[in-house]
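Engineer: The structure file upload-v5.txt (compact mmCIF, C-alpha atoms) is provided below.
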```txt
# COMPACT_ATOMS: atom_id res chain seq x y z
CA MET K 1 22.11 32.38 25.73
CA CYS K 2 20.97 34.43 22.72
CA ASP K 3 23.30 32.38 20.49
CA GLU K 4 22.21 29.00 21.84
CA ARG K 5 19.89 28.02 19.03
CA GLU K 6 20.03 24.32 19.79
CA GLN K 7 18.77 24.95 23.30
CA LEU K 8 15.98 27.15 22.02
CA ILE K 9 14.84 24.49 19.56
CA GLN K 10 14.86 21.85 22.29
CA TYR K 11 12.85 24.21 24.47
CA VAL K 12 10.28 24.90 21.74
CA TYR K 13 9.76 21.18 21.18
CA GLY K 14 9.57 20.42 24.89
CA GLU K 15 12.64 18.20 24.87
CA ALA K 16 14.79 20.33 27.17
CA ALA K 17 15.67 18.88 30.55
CA THR K 18 14.02 20.47 33.57
CA ALA K 19 17.07 22.49 34.65
CA GLU K 20 17.63 23.67 31.11
CA ARG K 21 13.99 24.67 30.74
CA GLU K 22 14.12 26.71 33.93
CA ARG K 23 17.28 28.44 32.76
CA ILE K 24 15.66 29.36 29.42
CA ASP K 25 12.47 30.53 31.15
CA ALA K 26 14.52 32.87 33.30
CA HIS K 27 16.37 34.17 30.26
CA LEU K 28 13.18 34.74 28.24
CA ALA K 29 11.73 36.80 31.06
CA GLU K 30 14.53 39.28 30.52
CA CYS K 31 15.45 39.01 26.82
CA HIS K 32 12.84 40.30 24.39
CA VAL K 33 14.90 39.17 21.36
CA CYS K 34 14.83 35.53 22.40
CA ARG K 35 11.19 35.88 23.45
CA ALA K 36 10.31 37.05 19.94
CA GLU K 37 12.40 34.23 18.47
CA VAL K 38 10.54 31.59 20.47
CA ALA K 39 7.19 33.16 19.60
CA GLY K 40 8.15 33.13 15.91
CA LEU K 41 9.15 29.46 16.01
CA ARG K 42 5.89 28.56 17.73
CA SER K 43 3.94 30.57 15.21
CA VAL K 44 5.51 28.83 12.24
CA ARG K 45 4.81 25.48 13.89
CA ASP K 46 1.14 26.47 14.07
CA ASP K 47 1.21 27.37 10.39
CA LEU K 48 2.67 23.98 9.55
CA LEU K 49 -0.43 22.33 11.02
CA ALA K 50 -2.44 23.71 8.10
CA TRP K 51 -0.65 21.43 5.63
CA ASP K 52 -3.17 18.68 5.08
CA VAL K 53 -2.73 15.43 3.25
CA PRO K 54 -5.49 14.36 0.88
CA ARG K 55 -7.51 11.40 1.95
CA HIS K 56 -6.84 8.25 0.03
CA ASP K 57 -8.28 4.80 -0.33
CA PRO K 58 -6.27 1.91 1.07
CA ILE K 59 -3.21 1.45 -1.08
CA TRP K 60 -2.00 -1.96 -0.02
CA ARG K 61 -4.07 -5.00 -0.89
CA PRO K 62 -3.78 -7.26 2.15
CA PHE K 63 -2.05 -10.58 1.71
CA VAL K 64 -4.44 -13.47 1.53
CA PRO K 65 -3.19 -16.66 3.15
CA ALA K 66 -3.03 -19.58 0.77
CA PRO K 67 -6.10 -21.83 1.02
CA ALA K 68 -5.54 -24.98 3.05
CA VAL K 69 -6.16 -27.82 0.63
CA PRO K 70 -6.81 -31.22 2.23
CA VAL K 71 -4.12 -33.68 1.27
CA ARG K 72 -5.50 -36.57 -0.74
CA ARG K 73 -4.43 -40.04 0.28
CA PRO K 74 -2.58 -41.84 -2.49
CA VAL K 75 -4.74 -44.53 -4.15
CA PRO K 76 -3.23 -48.00 -3.63
CA PHE K 77 -2.17 -49.84 -6.78
CA TRP K 78 -4.35 -52.87 -6.05
CA SER K 79 -7.49 -50.70 -6.00
CA LEU K 80 -6.60 -49.26 -9.42
CA VAL K 81 -6.18 -52.77 -10.79
CA ALA K 82 -9.50 -53.80 -9.27
CA ALA K 83 -11.29 -50.81 -10.75
CA ALA K 84 -9.75 -51.43 -14.18
CA SER K 85 -10.86 -55.09 -14.03
CA VAL K 86 -14.43 -54.09 -13.21
CA VAL K 87 -14.53 -51.65 -16.12
CA PHE K 88 -13.05 -54.26 -18.47
CA ALA K 89 -15.53 -56.91 -17.36
CA ALA K 90 -18.47 -54.55 -17.80
CA GLY K 91 -17.28 -53.61 -21.29
CA LEU K 92 -16.82 -57.26 -22.26
CA ALA K 93 -20.27 -58.24 -21.01
CA GLY K 94 -21.88 -55.29 -22.80
CA GLY K 95 -20.13 -56.21 -26.04
CA LEU K 96 -21.34 -59.83 -25.90
CA VAL K 97 -24.93 -58.78 -25.23
CA ALA K 98 -24.85 -56.26 -28.07
CA ARG K 99 -23.50 -58.85 -30.52
CA GLU K 100 -26.27 -61.26 -29.69
CA TRP K 101 -28.88 -58.53 -30.06
CA ILE K 102 -27.59 -57.52 -33.49
CA GLN K 103 -27.55 -61.10 -34.70
CA GLU K 104 -31.12 -61.65 -33.47
CA SER K 105 -32.55 -58.46 -35.01
CA SER K 106 -31.02 -58.98 -38.54
CA PRO K 107 -31.07 -62.36 -40.31
CA SER K 108 -28.29 -61.32 -42.69
CA GLY K 109 -26.00 -60.55 -39.78
CA LEU K 110 -23.77 -57.66 -38.92
CA SER K 111 -22.52 -56.96 -42.45
CA ALA K 112 -26.05 -56.62 -43.84
CA ARG K 113 -27.00 -54.22 -41.07
CA ALA K 114 -23.89 -52.16 -41.70
CA SER K 115 -24.68 -51.83 -45.41
CA ALA K 116 -28.13 -50.46 -44.57
CA VAL K 117 -26.61 -47.55 -42.67
CA PRO K 118 -26.06 -44.38 -44.79
CA GLU K 119 -22.46 -43.81 -45.84
CA ALA K 120 -22.20 -40.44 -44.12
CA ALA K 121 -23.03 -42.00 -40.78
CA VAL K 122 -20.09 -44.38 -40.81
CA ARG K 123 -17.56 -41.97 -42.26
CA PRO K 124 -14.75 -41.38 -39.75
CA GLN K 125 -14.94 -38.06 -37.97
CA THR K 126 -12.89 -35.24 -39.47
CA VAL K 127 -12.33 -31.67 -38.40
CA SER K 128 -15.36 -30.53 -40.38
CA THR K 129 -17.67 -32.82 -38.44
CA ILE K 130 -16.72 -31.54 -34.95
CA THR K 131 -19.88 -30.47 -33.18
CA PRO K 132 -20.40 -27.91 -30.39
CA GLU K 133 -20.86 -30.83 -28.02
CA ASP K 134 -17.39 -32.08 -28.92
CA LEU K 135 -15.94 -28.66 -28.18
CA ALA K 136 -17.77 -28.53 -24.87
CA LYS K 137 -16.34 -31.93 -23.93
CA LEU K 138 -12.86 -30.83 -24.94
CA GLU K 139 -13.22 -27.67 -22.89
CA ALA K 140 -14.37 -29.70 -19.90
CA VAL K 141 -11.34 -31.98 -20.22
CA ILE K 142 -8.93 -29.05 -20.47
CA LEU K 143 -10.57 -27.30 -17.53
CA GLN K 144 -10.34 -30.45 -15.50
CA ARG K 145 -6.62 -30.77 -16.26
CA VAL K 146 -5.91 -27.13 -15.50
CA ARG K 147 -7.86 -27.35 -12.27
CA SER K 148 -6.03 -30.45 -11.13
CA GLU K 149 -2.66 -28.86 -11.97
CA MET K 150 -3.58 -25.75 -10.01
CA THR K 151 -4.70 -27.83 -7.09
CA GLU K 152 -1.40 -29.68 -7.14
CA ARG K 153 0.54 -26.43 -7.22
CA ILE K 154 -1.46 -24.86 -4.40
CA ARG K 155 -1.04 -28.01 -2.35
CA ALA K 156 2.68 -27.97 -2.98
CA SER K 157 3.07 -24.30 -2.00
CA ALA K 158 0.41 -23.77 0.67
CA PRO K 159 2.08 -23.06 4.02
CA GLN K 160 -0.67 -24.75 6.03
CA ALA K 161 -1.06 -27.73 3.79
CA GLY K 162 1.22 -29.82 5.95
CA SER K 163 -0.93 -29.37 9.04
CA THR K 164 -4.10 -30.81 7.62
CA GLY K 165 -3.45 -34.46 8.17
CA SER K 166 -1.26 -36.85 10.01
CA THR K 167 -0.16 -38.47 6.74
CA ALA K 168 1.07 -35.15 5.46
CA ARG K 169 2.93 -34.44 8.71
CA VAL K 170 4.73 -37.75 8.54
CA GLY K 171 5.49 -37.06 4.90
CA MET K 172 6.96 -33.71 5.81
CA LEU K 173 9.22 -35.26 8.40
CA ASN K 174 10.50 -37.86 5.97
CA ARG K 175 11.30 -35.41 3.22
CA SER K 176 14.89 -34.78 2.34
CA ASP K 177 16.50 -31.37 2.65
CA SER K 178 16.27 -30.77 -1.07
CA ALA K 179 12.54 -31.42 -0.99
CA THR K 180 12.15 -28.93 1.85
CA GLU K 181 14.19 -26.40 -0.07
CA ALA K 182 12.04 -26.91 -3.13
CA ARG K 183 8.96 -26.44 -1.02
CA LEU K 184 10.33 -23.22 0.47
CA ALA K 185 11.17 -21.98 -3.01
CA ALA K 186 7.61 -22.71 -4.09
CA ILE K 187 6.27 -20.74 -1.12
CA GLU K 188 8.59 -17.84 -1.95
CA GLN K 189 7.36 -17.93 -5.54
CA TRP K 190 3.79 -17.89 -4.33
CA MET K 191 4.51 -14.86 -2.13
CA ASP K 192 6.17 -13.10 -5.06
CA ASP K 193 3.11 -13.76 -7.18
CA GLN K 194 0.94 -12.19 -4.49
CA ILE K 195 3.17 -9.14 -4.26
CA SER K 196 3.20 -8.69 -8.03
CA LEU K 197 -0.56 -8.99 -8.20
CA ASN K 198 -0.83 -6.53 -5.34
CA ALA K 199 1.36 -4.04 -7.14
CA ALA K 200 -0.51 -4.40 -10.40
CA PHE K 201 -3.93 -3.96 -8.81
CA SER K 202 -3.01 -1.10 -6.51
CA GLY K 203 -1.03 0.69 -9.19
CA GLN K 204 -3.89 0.78 -11.63
CA PHE K 205 -6.69 1.48 -9.19
CA GLY K 206 -4.55 3.92 -7.22
CA ARG K 207 -3.93 6.07 -10.27
CA LEU K 208 -7.62 6.12 -11.09
CA ASN K 209 -8.62 6.95 -7.52
CA SER K 210 -6.12 9.71 -7.03
CA ARG K 211 -7.05 11.26 -10.38
CA THR K 212 -10.71 11.26 -9.38
CA SER K 213 -10.07 12.68 -5.92
CA SER K 214 -7.77 15.35 -7.35
CA LEU K 215 -10.52 16.47 -9.74
CA SER K 216 -13.07 16.49 -6.91
CA GLU K 217 -10.77 18.65 -4.84
CA GLN K 218 -10.26 21.14 -7.61
CA ILE K 219 -14.02 21.45 -8.10
CA GLU K 220 -14.51 21.87 -4.36
CA LEU K 221 -11.77 24.49 -4.15
CA SER K 222 -13.29 26.50 -6.99
CA ARG K 223 -16.67 26.38 -5.29
CA LEU K 224 -15.25 27.45 -1.95
CA GLN K 225 -13.27 30.28 -3.47
CA ARG K 226 -16.36 31.53 -5.26
CA VAL K 227 -18.42 31.34 -2.09
CA GLY K 228 -15.61 33.00 -0.14
CA LEU K 229 -15.31 35.83 -2.62
CA GLU K 230 -19.05 36.33 -2.72
CA THR K 231 -19.23 36.37 1.06
CA GLY K 232 -16.29 38.78 1.23
CA ALA K 233 -17.87 41.09 -1.33
CA ARG K 234 -21.06 41.24 0.68
CA MET U 1 -6.23 -6.31 22.91
CA THR U 2 -4.05 -4.29 20.55
CA ARG U 3 -0.76 -5.93 19.76
CA THR U 4 2.39 -3.85 19.68
CA ASP U 5 4.43 -3.34 16.55
CA GLU U 6 7.15 -5.55 17.99
CA GLU U 7 4.70 -8.42 18.56
CA LEU U 8 3.25 -8.06 15.08
CA VAL U 9 6.73 -7.95 13.54
CA ALA U 10 7.70 -11.13 15.38
CA SER U 11 4.57 -12.92 14.13
CA ALA U 12 5.08 -11.64 10.60
CA GLN U 13 8.67 -12.83 10.66
CA ALA U 14 7.36 -16.26 11.60
CA GLY U 15 5.20 -16.21 8.48
CA ASP U 16 1.90 -14.84 9.74
CA LEU U 17 0.61 -12.77 6.84
CA ASP U 18 -2.26 -11.30 8.84
CA SER U 19 0.22 -9.70 11.26
CA PHE U 20 1.96 -8.02 8.36
CA ASN U 21 -1.41 -6.82 7.06
CA GLN U 22 -2.11 -5.28 10.47
CA LEU U 23 1.24 -3.48 10.44
CA VAL U 24 0.44 -2.10 7.01
CA SER U 25 -3.00 -0.87 7.96
CA ARG U 26 -1.49 0.76 11.05
CA TRP U 27 1.29 2.58 9.19
CA GLU U 28 -0.07 3.12 5.70
CA ARG U 29 -1.47 6.57 6.39
CA PRO U 30 1.65 8.04 8.08
CA ILE U 31 3.86 6.56 5.38
CA TYR U 32 1.64 8.02 2.69
CA ALA U 33 1.71 11.41 4.42
CA LEU U 34 5.50 11.35 4.55
CA ALA U 35 5.80 10.35 0.89
CA TYR U 36 3.18 12.87 -0.20
CA ARG U 37 4.75 15.75 1.68
CA THR U 38 8.20 14.81 0.40
CA LEU U 39 7.23 14.48 -3.26
CA GLY U 40 4.15 16.70 -3.47
CA ARG U 41 2.51 14.23 -5.85
CA GLU U 42 -0.34 11.90 -4.99
CA GLU U 43 0.22 9.20 -7.58
CA GLU U 44 3.93 8.94 -6.97
CA ALA U 45 3.32 8.92 -3.21
CA ARG U 46 1.00 5.95 -3.65
CA ASP U 47 3.64 4.14 -5.70
CA VAL U 48 6.24 4.85 -3.03
CA VAL U 49 3.95 3.50 -0.30
CA GLN U 50 3.36 0.34 -2.30
CA ASP U 51 7.06 -0.09 -2.91
CA ALA U 52 7.98 0.68 0.69
CA PHE U 53 5.73 -2.04 2.08
CA MET U 54 6.97 -4.51 -0.53
CA ARG U 55 10.53 -3.81 0.52
CA ALA U 56 9.58 -4.01 4.15
CA TYR U 57 7.99 -7.40 3.59
CA ARG U 58 10.97 -8.72 1.68
CA GLY U 59 13.40 -7.36 4.25
CA LEU U 60 11.40 -8.33 7.30
CA ARG U 61 13.59 -11.32 8.10
CA GLY U 62 16.62 -9.03 8.21
CA PHE U 63 14.93 -6.53 10.53
CA LYS U 64 16.54 -7.09 13.92
CA GLY U 65 14.65 -4.46 15.85
CA GLU U 66 17.58 -2.14 16.61
CA ALA U 67 15.32 0.76 15.65
CA LYS U 68 11.56 1.01 15.92
CA PHE U 69 9.60 -0.61 13.12
CA SER U 70 8.13 2.78 12.23
CA SER U 71 11.58 4.39 12.01
CA TRP U 72 12.70 1.56 9.75
CA LEU U 73 9.66 2.13 7.52
CA TYR U 74 10.27 5.89 7.45
CA ARG U 75 13.84 5.30 6.39
CA ILE U 76 12.77 2.97 3.57
CA THR U 77 10.19 5.52 2.44
CA LEU U 78 12.61 8.42 2.45
CA ASN U 79 15.18 6.40 0.50
CA LEU U 80 12.54 5.58 -2.11
CA CYS U 81 11.51 9.24 -2.34
CA ARG U 82 15.12 10.29 -2.74
CA ASP U 83 15.67 7.65 -5.43
CA TRP U 84 12.57 8.83 -7.26
CA MET U 85 13.68 12.46 -7.22
CA ARG U 86 17.15 11.53 -8.42
CA ARG U 87 15.81 9.25 -11.13
CA GLU U 88 13.28 11.75 -12.37
CA ARG U 89 15.61 14.71 -11.76
CA ARG U 90 12.66 16.50 -10.23
CA ALA U 91 12.20 18.55 -7.12
CA PRO U 92 9.11 18.33 -4.94
CA LEU U 93 6.10 19.67 -6.77
CA VAL U 94 5.35 23.26 -5.78
CA ALA U 95 2.11 24.03 -7.57
CA VAL U 96 0.33 20.95 -6.33
CA PRO U 97 -3.36 21.46 -5.52
CA GLU U 98 -2.87 20.92 -1.84
CA GLY U 99 -5.65 20.73 0.63
CA VAL U 100 -8.22 18.89 2.53
CA ASP U 101 -10.68 16.31 1.48
CA PRO U 102 -14.08 17.60 0.32
CA VAL U 103 -15.68 15.38 2.93
CA ASP U 104 -13.54 17.04 5.58
CA LEU U 105 -14.54 20.44 4.29
CA ALA U 106 -18.20 19.53 4.44
CA ASP U 107 -17.75 18.34 8.03
CA ARG U 108 -15.96 21.49 9.04
CA GLN U 109 -18.50 23.70 7.33
CA ALA U 110 -21.10 22.14 9.54
CA ALA U 111 -19.09 23.23 12.56
CA PRO U 112 -20.15 26.70 13.65
CA THR U 113 -16.61 27.65 14.70
CA GLU U 114 -15.09 27.85 11.22
CA SER U 115 -16.54 30.03 8.50
CA VAL U 116 -16.12 29.55 4.78
CA GLU U 117 -13.57 32.36 4.78
CA ASP U 118 -11.59 30.56 7.45
CA LEU U 119 -11.69 27.38 5.39
CA VAL U 120 -10.46 29.16 2.30
CA ALA U 121 -7.73 30.85 4.33
CA ARG U 122 -6.72 27.53 5.77
CA ARG U 123 -6.60 26.07 2.32
CA GLU U 124 -4.42 28.90 1.13
CA MET U 125 -2.12 28.42 4.11
CA SER U 126 -1.83 24.72 3.28
CA LYS U 127 -0.68 25.60 -0.23
CA ALA U 128 1.70 28.26 1.07
CA VAL U 129 3.30 25.80 3.50
CA ALA U 130 3.66 23.19 0.76
CA ARG U 131 5.29 25.76 -1.49
CA ALA U 132 7.68 27.01 1.18
CA MET U 133 8.61 23.48 2.26
CA ALA U 134 9.33 22.43 -1.32
CA GLU U 135 11.93 25.16 -1.60
CA LEU U 136 13.89 24.04 1.45
CA PRO U 137 17.05 21.95 1.11
CA ASP U 138 16.26 18.21 1.34
CA GLU U 139 17.87 17.71 4.75
CA GLN U 140 16.02 20.59 6.37
CA ARG U 141 12.70 19.58 4.81
CA THR U 142 13.06 15.95 5.88
CA THR U 143 14.03 16.96 9.40
CA ILE U 144 10.99 19.20 9.73
CA LEU U 145 8.70 16.52 8.30
CA LEU U 146 9.93 13.87 10.71
CA LYS U 147 9.82 16.16 13.71
CA GLU U 148 6.67 18.13 13.03
CA TYR U 149 4.36 15.60 11.42
CA HIS U 150 5.68 12.29 12.74
CA GLY U 151 6.85 13.26 16.19
CA LEU U 152 10.25 11.59 16.09
CA THR U 153 12.73 12.58 18.77
CA PHE U 154 15.92 14.43 17.89
CA GLN U 155 17.84 11.26 18.64
CA GLU U 156 15.71 9.15 16.31
CA ILE U 157 16.11 11.66 13.49
CA ALA U 158 19.87 11.78 14.06
CA GLU U 159 20.06 7.99 13.79
CA MET U 160 17.88 7.96 10.70
CA GLN U 161 19.91 10.63 8.96
CA SER U 162 23.23 9.31 10.28
CA CYS U 163 24.30 12.70 11.59
CA PRO U 164 25.12 14.23 14.99
CA LEU U 165 22.32 15.37 17.28
CA SER U 166 23.46 18.99 17.00
CA THR U 167 23.12 18.85 13.20
CA VAL U 168 19.49 17.82 13.53
CA LYS U 169 18.74 20.76 15.80
CA THR U 170 20.56 23.18 13.51
CA ARG U 171 18.71 21.92 10.45
CA LEU U 172 15.43 22.25 12.28
CA TYR U 173 16.20 25.75 13.50
CA GLN U 174 17.38 26.97 10.10
CA GLY U 175 14.51 25.33 8.27
CA LEU U 176 11.88 26.81 10.57
CA SER U 177 13.47 30.25 10.36
CA VAL U 178 13.40 30.20 6.56
CA LEU U 179 9.82 28.95 6.56
CA ARG U 180 8.79 31.68 8.94
CA ARG U 181 10.19 34.42 6.71
CA ARG U 182 8.65 32.95 3.57
CA LEU U 183 5.24 32.41 5.12
CA GLU U 184 5.15 35.93 6.52
CA ARG U 185 6.02 37.32 3.10
CA GLN U 186 3.43 35.05 1.49
CA GLN U 187 0.73 36.16 3.91
CA THR U 188 1.49 39.79 3.15
CA GLU U 189 1.23 39.15 -0.60
CA ASP U 190 -2.01 37.14 -0.20
CA ALA U 191 -3.56 39.91 1.87
CA ALA U 192 -2.68 42.48 -0.81
CA LEU U 193 -4.15 40.23 -3.49
CA ARG U 194 -7.37 39.73 -1.54
CA ARG U 195 -7.69 43.46 -1.00
CA ALA U 196 -7.20 44.11 -4.72
CA THR U 197 -9.78 41.42 -5.64
CA TRP U 198 -12.26 42.79 -3.17
CA GLU U 199 -11.81 46.34 -4.46
CA SER U 200 -12.27 45.22 -8.05
CA THR U 201 -15.61 43.65 -7.19
CA LEU U 202 -16.97 46.91 -5.72
```
Turn the structure described in the file into structure tokens.
Structural biologist:
Amino acid sequence: MCDEREQLIQYVYGEAATAERERIDAHLAECHVCRAEVAGLRSVRDDLLAWDVPRHDPIWRPFVPAPAVPVRRPVPFWSLVAAASVVFAAGLAGGLVAREWIQESSPSGLSARASAVPEAAVRPQTVSTITPEDLAKLEAVILQRVRSEMTERIRASAPQAGSTGSTARVGMLNRSDSATEARLAAIEQWMDDQISLNAAFSGQFGRLNSRTSSLSEQIELSRLQRVGLETGAR
Amino acid sequence: MTRTDEELVASAQAGDLDSFNQLVSRWERPIYALAYRTLGREEEARDVVQDAFMRAYRGLRGFKGEAKFSSWLYRITLNLCRDWMRRERRAPLVAVPEGVDPVDLADRQAAPTESVEDLVARREMSKAVARAMAELPDEQRTTILLKEYHGLTFQEIAEMQSCPLSTVKTRLYQGLSVLRRRLERQQTEDAALRRATWESTL
């Protein structure tokens, strides 16, 4: 029995079967060597409990499900044609009215009016004449394009996008295998992006947090040791 | 109602991100504890935790549930720790400022049962255990970590380490015996040091 270390370890961790436990109990009652061995193992297990782990902030940034973007219905061609016609007609009418107004307000006609305008005002725009308003418009246009491209990408990769409308569901069913594969690839890419972002954020903030908490601990330890020494000296 | 790991894994495998988030929040702390106690370094332990969950997410479809989800996570974590130590050619950190959180200390100080001296002694013991554990062979240290701090059964550890059941018990026995001797020696040295410090202040 004294050489049966495996049985002793099982006994110490409470994983020995009932018959085995009873056998070891009977042996320990008689053998002071094994009794001391078991007491020593239990004692070191108690010591192990002292090994704390520092507290830490959450490490993993939870996944955020992709936003469900409502699928836009495609605009029929005839409505585009109709809209273009309306715009064209409005422009034509406006042009005719303006021509009549210019002719009425200046007896010498359009050419005379044009010659009265300062030269700088009719000079074609160059880079040097771009105003802040122009830049703001340009920025708005670029933003609009970027936003629409992002929306398209999210719509293409969002897992729930297909469940937002019956049109989309039918569309999903009619898609070929290659389209489905492309869609799955887009979703995988989107997941990878999330994971990379997660890693980048947590890596940076984690380092900062652990550095701060490590410093706090060292300060706290110094304080406690000082207090402990002072108390001991008293 | 709390969902089991198996239920959450099944949902996560079907694409439910929130289920995976729940699994992470459930297991992040134990995984961090395992990585921290294996490496002895906070920053690296955080990196390992991050990496372990990434790998778990990527490999979730291949997880068939032969072992428990937690055992699978532990295995991933230990592999990452081992890779890190091999890559960096570094052993677990010995002189790490081990210990408890200042908030914990403040809480315990408020408790009438534990004096400041007890807290300092406990802190010293924590460091001594970390030091003694760091000097153990990898297999013995890992076995003790899994058994003592994570409550795995001998059988689970044997499966995780791909070794016979008897080997696990031997590693545990030998590791604990070495720890016991080292901690006893350490306690004797600490007591002598405290006595010398106390005498010098008189």
Engineer: Using all atoms listed in the file, select each residue of chain K with any atom at most 6 Å away from an atom of chain U, and give the selection as a PyMOL selection string.
Structural biologist: chain K and resi 6+44+50-52+54-55+62+207+228
Engineer: Just the number, please: distance in Å from CA of Arg61 (chain K) to CA of Leu215 (chain K), one decimal.
Structural biologist: 24.1 Å
Engineer: What is the CA of Arg153 (chain K) to CA of Leu8 (chain U) distance in Å?
Structural biologist: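 Computing the Euclidean distance for CA of Arg153 (chain K) and CA of Leu8 (chain U) yields 29.0 Å.
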Engineer: Work out how far apart CA of Asp57 (chain K) and CA of Gln194 (chain K) are and give it in Å to one decimal.
Structural biologist: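 Going from CA of Asp57 (chain K) over to CA of Gln194 (chain K) covers 19.8 Å.
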Engineer: As an NGL selection string, please: the residues near region 75-88 of chain U (cut-off 10 Å, all atoms listed in the file, same-chain neighbours under 2 positions excluded).
Structural biologist: :U and (31-32 or 34-36 or 38-39 or 44-45 or 47-53 or 55-56 or 69-73 or 90-92 or 138 or 142 or 157 or 160-161)
Engineer: Got a sec: who's within 10 Å of Cys2 (chain K), counting only C-alpha atoms, leaving out chain neighbours fewer than 4 positions off, as an NGL selection string?
Structural biologist: :K and (7-8 or 24 or 27-28 or 31 or 33-35 or 37)
Engineer: With 8 Å on each side, where is the centre of the axis-aligned box around all listed atoms of region 130-146 of chain U, and how long are its edges in Å to one decimal, as JSON?
Structural biologist:
```
{"center_x": 10.8, "center_y": 20.4, "center_z": 4.6, "size_x": 30.2, "size_y": 29.1, "size_z": 28.3}
```
Engineer: Will you model N, CA and C atoms for region 44-62 of chain U and pass it back as a PDB file, keeping the file's coordinate frame?
Structural biologist:
```
ATOM      1  N   GLU U  44       2.592   9.439  -7.273  1.00  0.00           N
ATOM      2  CA  GLU U  44       3.930   8.940  -6.970  1.00  0.00           C
ATOM      3  C   GLU U  44       4.023   8.527  -5.496  1.00  0.00           C
ATOM      4  N   ALA U  45       3.315   9.284  -4.630  1.00  0.00           N
ATOM      5  CA  ALA U  45       3.320   8.920  -3.210  1.00  0.00           C
ATOM      6  C   ALA U  45       2.697   7.544  -3.020  1.00  0.00           C
ATOM      7  N   ARG U  46       1.638   7.272  -3.739  1.00  0.00           N
ATOM      8  CA  ARG U  46       1.000   5.950  -3.650  1.00  0.00           C
ATOM      9  C   ARG U  46       1.966   4.861  -4.106  1.00  0.00           C
ATOM     10  N   ASP U  47       2.676   5.134  -5.200  1.00  0.00           N
ATOM     11  CA  ASP U  47       3.640   4.140  -5.700  1.00  0.00           C
ATOM     12  C   ASP U  47       4.733   3.898  -4.661  1.00  0.00           C
ATOM     13  N   VAL U  48       5.176   4.990  -4.034  1.00  0.00           N
ATOM     14  CA  VAL U  48       6.240   4.850  -3.030  1.00  0.00           C
ATOM     15  C   VAL U  48       5.735   4.022  -1.842  1.00  0.00           C
ATOM     16  N   VAL U  49       4.504   4.263  -1.423  1.00  0.00           N
ATOM     17  CA  VAL U  49       3.950   3.500  -0.300  1.00  0.00           C
ATOM     18  C   VAL U  49       3.916   2.009  -0.647  1.00  0.00           C
ATOM     19  N   GLN U  50       3.432   1.735  -1.841  1.00  0.00           N
ATOM     20  CA  GLN U  50       3.360   0.340  -2.300  1.00  0.00           C
ATOM     21  C   GLN U  50       4.744  -0.308  -2.267  1.00  0.00           C
ATOM     22  N   ASP U  51       5.697   0.423  -2.818  1.00  0.00           N
ATOM     23  CA  ASP U  51       7.060  -0.090  -2.910  1.00  0.00           C
ATOM     24  C   ASP U  51       7.679  -0.245  -1.521  1.00  0.00           C
ATOM     25  N   ALA U  52       7.385   0.727  -0.659  1.00  0.00           N
ATOM     26  CA  ALA U  52       7.980   0.680   0.690  1.00  0.00           C
ATOM     27  C   ALA U  52       7.506  -0.569   1.445  1.00  0.00           C
ATOM     28  N   PHE U  53       6.227  -0.861   1.363  1.00  0.00           N
ATOM     29  CA  PHE U  53       5.730  -2.040   2.080  1.00  0.00           C
ATOM     30  C   PHE U  53       6.238  -3.348   1.443  1.00  0.00           C
ATOM     31  N   MET U  54       6.396  -3.324   0.125  1.00  0.00           N
ATOM     32  CA  MET U  54       6.970  -4.510  -0.530  1.00  0.00           C
ATOM     33  C   MET U  54       8.378  -4.756  -0.008  1.00  0.00           C
ATOM     34  N   ARG U  55       9.147  -3.674   0.045  1.00  0.00           N
ATOM     35  CA  ARG U  55      10.530  -3.810   0.520  1.00  0.00           C
ATOM     36  C   ARG U  55      10.553  -4.229   1.986  1.00  0.00           C
ATOM     37  N   ALA U  56       9.633  -3.654   2.738  1.00  0.00           N
ATOM     38  CA  ALA U  56       9.580  -4.010   4.150  1.00  0.00           C
ATOM     39  C   ALA U  56       9.278  -5.505   4.292  1.00  0.00           C
ATOM     40  N   TYR U  57       8.348  -5.986   3.490  1.00  0.00           N
ATOM     41  CA  TYR U  57       7.990  -7.400   3.590  1.00  0.00           C
ATOM     42  C   TYR U  57       9.179  -8.290   3.233  1.00  0.00           C
ATOM     43  N   ARG U  58       9.830  -7.909   2.118  1.00  0.00           N
ATOM     44  CA  ARG U  58      10.970  -8.720   1.680  1.00  0.00           C
ATOM     45  C   ARG U  58      12.121  -8.676   2.688  1.00  0.00           C
ATOM     46  N   GLY U  59      12.271  -7.505   3.335  1.00  0.00           N
ATOM     47  CA  GLY U  59      13.400  -7.360   4.250  1.00  0.00           C
ATOM     48  C   GLY U  59      13.071  -7.656   5.697  1.00  0.00           C
ATOM     49  N   LEU U  60      11.861  -8.154   5.917  1.00  0.00           N
ATOM     50  CA  LEU U  60      11.400  -8.330   7.300  1.00  0.00           C
ATOM     51  C   LEU U  60      12.282  -9.300   8.094  1.00  0.00           C
ATOM     52  N   ARG U  61      12.758 -10.330   7.396  1.00  0.00           N
ATOM     53  CA  ARG U  61      13.590 -11.320   8.100  1.00  0.00           C
ATOM     54  C   ARG U  61      14.891 -10.689   8.588  1.00  0.00           C
ATOM     55  N   GLY U  62      15.358  -9.674   7.831  1.00  0.00           N
ATOM     56  CA  GLY U  62      16.620  -9.030   8.210  1.00  0.00           C
ATOM     57  C   GLY U  62      16.443  -7.924   9.233  1.00  0.00           C
TER      58      GLY U  62
END
```
